[in-house]
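Engineer: Handing over target-v1.cif, mmCIF, C-alpha atoms.
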```cif
data_upload
#
loop_
_atom_site.group_PDB
_atom_site.id
_atom_site.type_symbol
_atom_site.label_atom_id
_atom_site.label_comp_id
_atom_site.auth_asym_id
_atom_site.auth_seq_id
_atom_site.Cartn_x
_atom_site.Cartn_y
_atom_site.Cartn_z
ATOM 1 C CA MET H 239 -49.161 20.950 74.847
ATOM 2 C CA SER H 240 -48.292 18.705 71.948
ATOM 3 C CA ALA H 241 -49.955 15.390 71.245
ATOM 4 C CA GLY H 242 -46.749 13.978 69.728
ATOM 5 C CA VAL H 243 -47.788 14.753 66.149
ATOM 6 C CA PRO H 244 -45.153 16.699 64.186
ATOM 7 C CA PRO H 245 -46.383 19.838 62.395
ATOM 8 C CA ALA H 246 -47.130 19.512 58.686
ATOM 9 C CA SER H 247 -44.449 20.605 56.255
ATOM 10 C CA TRP H 248 -44.943 23.643 54.075
ATOM 11 C CA LYS H 249 -45.402 21.366 51.040
ATOM 12 C CA THR H 250 -48.279 19.565 52.727
ATOM 13 C CA GLN H 251 -49.883 22.847 53.731
ATOM 14 C CA VAL H 252 -49.658 24.201 50.169
ATOM 15 C CA PHE H 253 -51.067 20.968 48.726
ATOM 16 C CA GLU H 254 -53.956 20.966 51.211
ATOM 17 C CA SER H 255 -54.723 24.638 50.606
ATOM 18 C CA LEU H 256 -54.842 24.092 46.834
ATOM 19 C CA LEU H 257 -57.033 20.991 46.980
ATOM 20 C CA GLY H 258 -58.892 21.622 50.223
ATOM 21 C CA PHE H 259 -61.852 23.391 48.629
ATOM 22 C CA LEU H 260 -62.424 20.649 46.028
ATOM 23 C CA PRO H 261 -64.744 17.662 46.548
ATOM 24 C CA ASP H 262 -63.202 14.464 47.911
ATOM 25 C CA TRP H 263 -63.450 12.545 44.632
ATOM 26 C CA VAL H 264 -61.430 15.252 42.843
ATOM 27 C CA GLN H 265 -58.818 15.267 45.610
ATOM 28 C CA ILE H 266 -58.467 11.490 45.415
ATOM 29 C CA THR H 267 -58.212 11.580 41.607
ATOM 30 C CA VAL H 268 -55.510 14.259 41.658
ATOM 31 C CA LEU H 269 -53.600 12.426 44.355
ATOM 32 C CA ALA H 270 -53.822 9.163 42.374
ATOM 33 C CA LEU H 271 -52.552 10.914 39.211
ATOM 34 C CA VAL H 272 -49.606 12.373 41.129
ATOM 35 C CA VAL H 273 -48.729 8.924 42.475
ATOM 36 C CA VAL H 274 -49.028 7.324 39.014
ATOM 37 C CA ALA H 275 -46.810 10.039 37.487
ATOM 38 C CA PHE H 276 -44.217 9.518 40.208
ATOM 39 C CA LEU H 277 -44.234 5.739 39.737
ATOM 40 C CA ALA H 278 -43.987 6.057 35.936
ATOM 41 C CA ALA H 279 -41.002 8.406 36.206
ATOM 42 C CA TRP H 280 -39.338 6.059 38.680
ATOM 43 C CA ALA H 281 -39.944 3.013 36.448
ATOM 44 C CA LEU H 282 -38.545 4.819 33.378
ATOM 45 C CA LYS H 283 -35.457 5.859 35.318
ATOM 46 C CA LEU H 284 -34.967 2.287 36.524
ATOM 47 C CA LYS H 285 -35.411 0.906 32.988
ATOM 48 C CA ARG H 286 -32.755 3.286 31.619
ATOM 49 C CA ARG H 287 -30.368 2.417 34.422
ATOM 50 C CA ILE H 288 -30.770 -1.319 33.743
ATOM 51 C CA ALA H 289 -30.271 -0.784 29.987
ATOM 52 C CA ALA H 290 -27.125 1.226 30.638
ATOM 53 C CA ARG H 291 -25.709 -1.501 32.882
ATOM 54 C CA ARG H 292 -26.536 -4.300 30.427
ATOM 55 C CA ALA H 293 -25.134 -2.545 27.371
ATOM 56 C CA PRO H 294 -21.433 -3.175 28.104
ATOM 57 C CA ARG H 295 -22.081 -6.839 28.898
ATOM 58 C CA THR H 296 -24.028 -7.699 25.750
ATOM 59 C CA GLY H 297 -22.234 -5.338 23.421
ATOM 60 C CA ALA H 298 -25.532 -3.696 22.504
ATOM 61 C CA PRO H 299 -25.335 0.077 22.157
ATOM 62 C CA VAL H 300 -27.156 2.208 24.682
ATOM 63 C CA PRO H 301 -30.055 3.936 22.895
ATOM 64 C CA VAL H 302 -29.141 7.527 22.102
ATOM 65 C CA GLN H 303 -31.198 10.346 20.751
ATOM 66 C CA ALA H 304 -31.201 10.439 16.958
ATOM 67 C CA SER H 305 -29.908 13.489 15.124
ATOM 68 C CA GLY H 306 -31.416 15.307 12.184
ATOM 69 C CA ALA H 307 -28.912 13.722 9.813
ATOM 70 C CA ASP H 308 -30.525 10.336 10.416
ATOM 71 C CA PHE H 309 -33.775 11.481 8.781
ATOM 72 C CA LEU H 310 -32.587 13.181 5.591
ATOM 73 C CA GLY H 311 -34.221 10.636 3.319
ATOM 74 C CA PRO H 312 -34.005 11.737 -0.338
ATOM 75 C CA TYR H 313 -31.979 14.797 0.711
ATOM 76 C CA ALA H 314 -29.077 12.703 2.015
ATOM 77 C CA PRO H 315 -25.804 13.058 0.089
ATOM 78 C CA ARG H 316 -25.366 10.464 -2.643
ATOM 79 C CA ASN H 317 -22.916 7.691 -1.924
ATOM 80 C CA GLN H 318 -20.009 7.763 -4.347
ATOM 81 C CA GLY H 319 -19.790 3.985 -4.321
ATOM 82 C CA GLY H 320 -16.140 3.962 -3.313
ATOM 83 C CA THR H 321 -14.872 5.171 -6.674
ATOM 84 C CA ALA H 322 -11.748 7.252 -6.399
ATOM 85 C CA ALA H 323 -11.712 10.672 -7.995
ATOM 86 C CA PRO H 324 -9.450 11.016 -11.044
ATOM 87 C CA SER H 325 -6.099 12.624 -10.418
ATOM 88 C CA GLY H 326 -6.280 16.389 -10.567
ATOM 89 C CA ALA H 327 -9.978 16.394 -9.689
ATOM 90 C CA ARG H 328 -10.999 18.108 -6.484
ATOM 91 C CA GLU H 329 -13.735 17.396 -3.982
ATOM 92 C CA PRO H 330 -16.902 19.433 -4.627
ATOM 93 C CA SER H 331 -17.495 22.298 -2.236
ATOM 94 C CA GLY H 332 -20.547 24.311 -1.304
ATOM 95 C CA ALA H 333 -19.650 26.951 -3.888
ATOM 96 C CA ASP H 334 -20.084 24.368 -6.661
ATOM 97 C CA PHE H 335 -23.814 24.321 -5.996
ATOM 98 C CA LEU H 336 -24.338 28.083 -5.948
ATOM 99 C CA GLY H 337 -24.484 28.482 -9.726
ATOM 100 C CA ALA H 338 -24.375 32.116 -10.846
ATOM 101 C CA TYR H 339 -24.108 33.253 -7.218
ATOM 102 C CA ALA H 340 -20.800 31.468 -6.611
ATOM 103 C CA PRO H 341 -17.799 33.709 -5.987
ATOM 104 C CA ARG H 342 -15.171 33.794 -8.725
ATOM 105 C CA ARG H 343 -12.156 31.619 -8.009
ATOM 106 C CA GLU H 344 -8.678 33.130 -7.944
ATOM 107 C CA ASP H 345 -7.261 30.589 -10.417
ATOM 108 C CA GLY H 346 -9.476 32.022 -13.160
ATOM 109 C CA GLY H 347 -11.796 29.047 -13.429
ATOM 110 C CA GLN H 348 -15.549 29.390 -13.020
ATOM 111 C CA GLY H 349 -16.346 26.055 -11.489
#
```
Take the structure in the file and give it back as structure tokens.
Structural biologist:
Amino acid sequence: MSAGVPPASWKTQVFESLLGFLPDWVQITVLALVVVAFLAAWALKLKRRIAARRAPRTGAPVPVQASGADFLGPYAPRNQGGTAAPSGAREPSGADFLGAYAPRREDGGQG
């Protein structure tokens, strides 16, 4: 009954049904692109794994995704230069930058 060949998996049948009506050169191109994508993903995963293993040995930080605060440019808060605030002075808050829209403080001062 059987010639010793196992039946094709459902994935193979779906792949063949999708590409079966296309010319051979298109089938080969699509198959080659799938293989290249798989190899590229595998190589990237391997590269990250090697970098993660080397990082503790060399003391180099593992590359992490940057946050939005790293790209503020001219909008970054100004550095105070390490000067201490005079006694009695308080740290500025968000309300200090609201101008006329700032809520009135309870101690009677405007800002």
Engineer: Report the distance between atom CA of Val268 of chain H and atom CA of Arg287 of chain H in Å, rounded to one decimal place.
Structural biologist: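 A separation of 28.7 Å between them.
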Engineer: Calculate how many Å separate atom CA of Val273 of chain H from atom CA of Phe253 of chain H, rounding to one decimal.
Structural biologist: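 Value for the atom CA of Val273 of chain H-atom CA of Phe253 of chain H distance: 13.8 Å.
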Engineer: Between H:Ala338, H:Leu310, H:Leu256, H:Ala281, single out the one closest to Leu269 of chain H, counting only C-alpha atoms.
Structural biologist: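 Counting only C-alpha atoms, the residue closest to Leu269 of chain H is H:Leu256.
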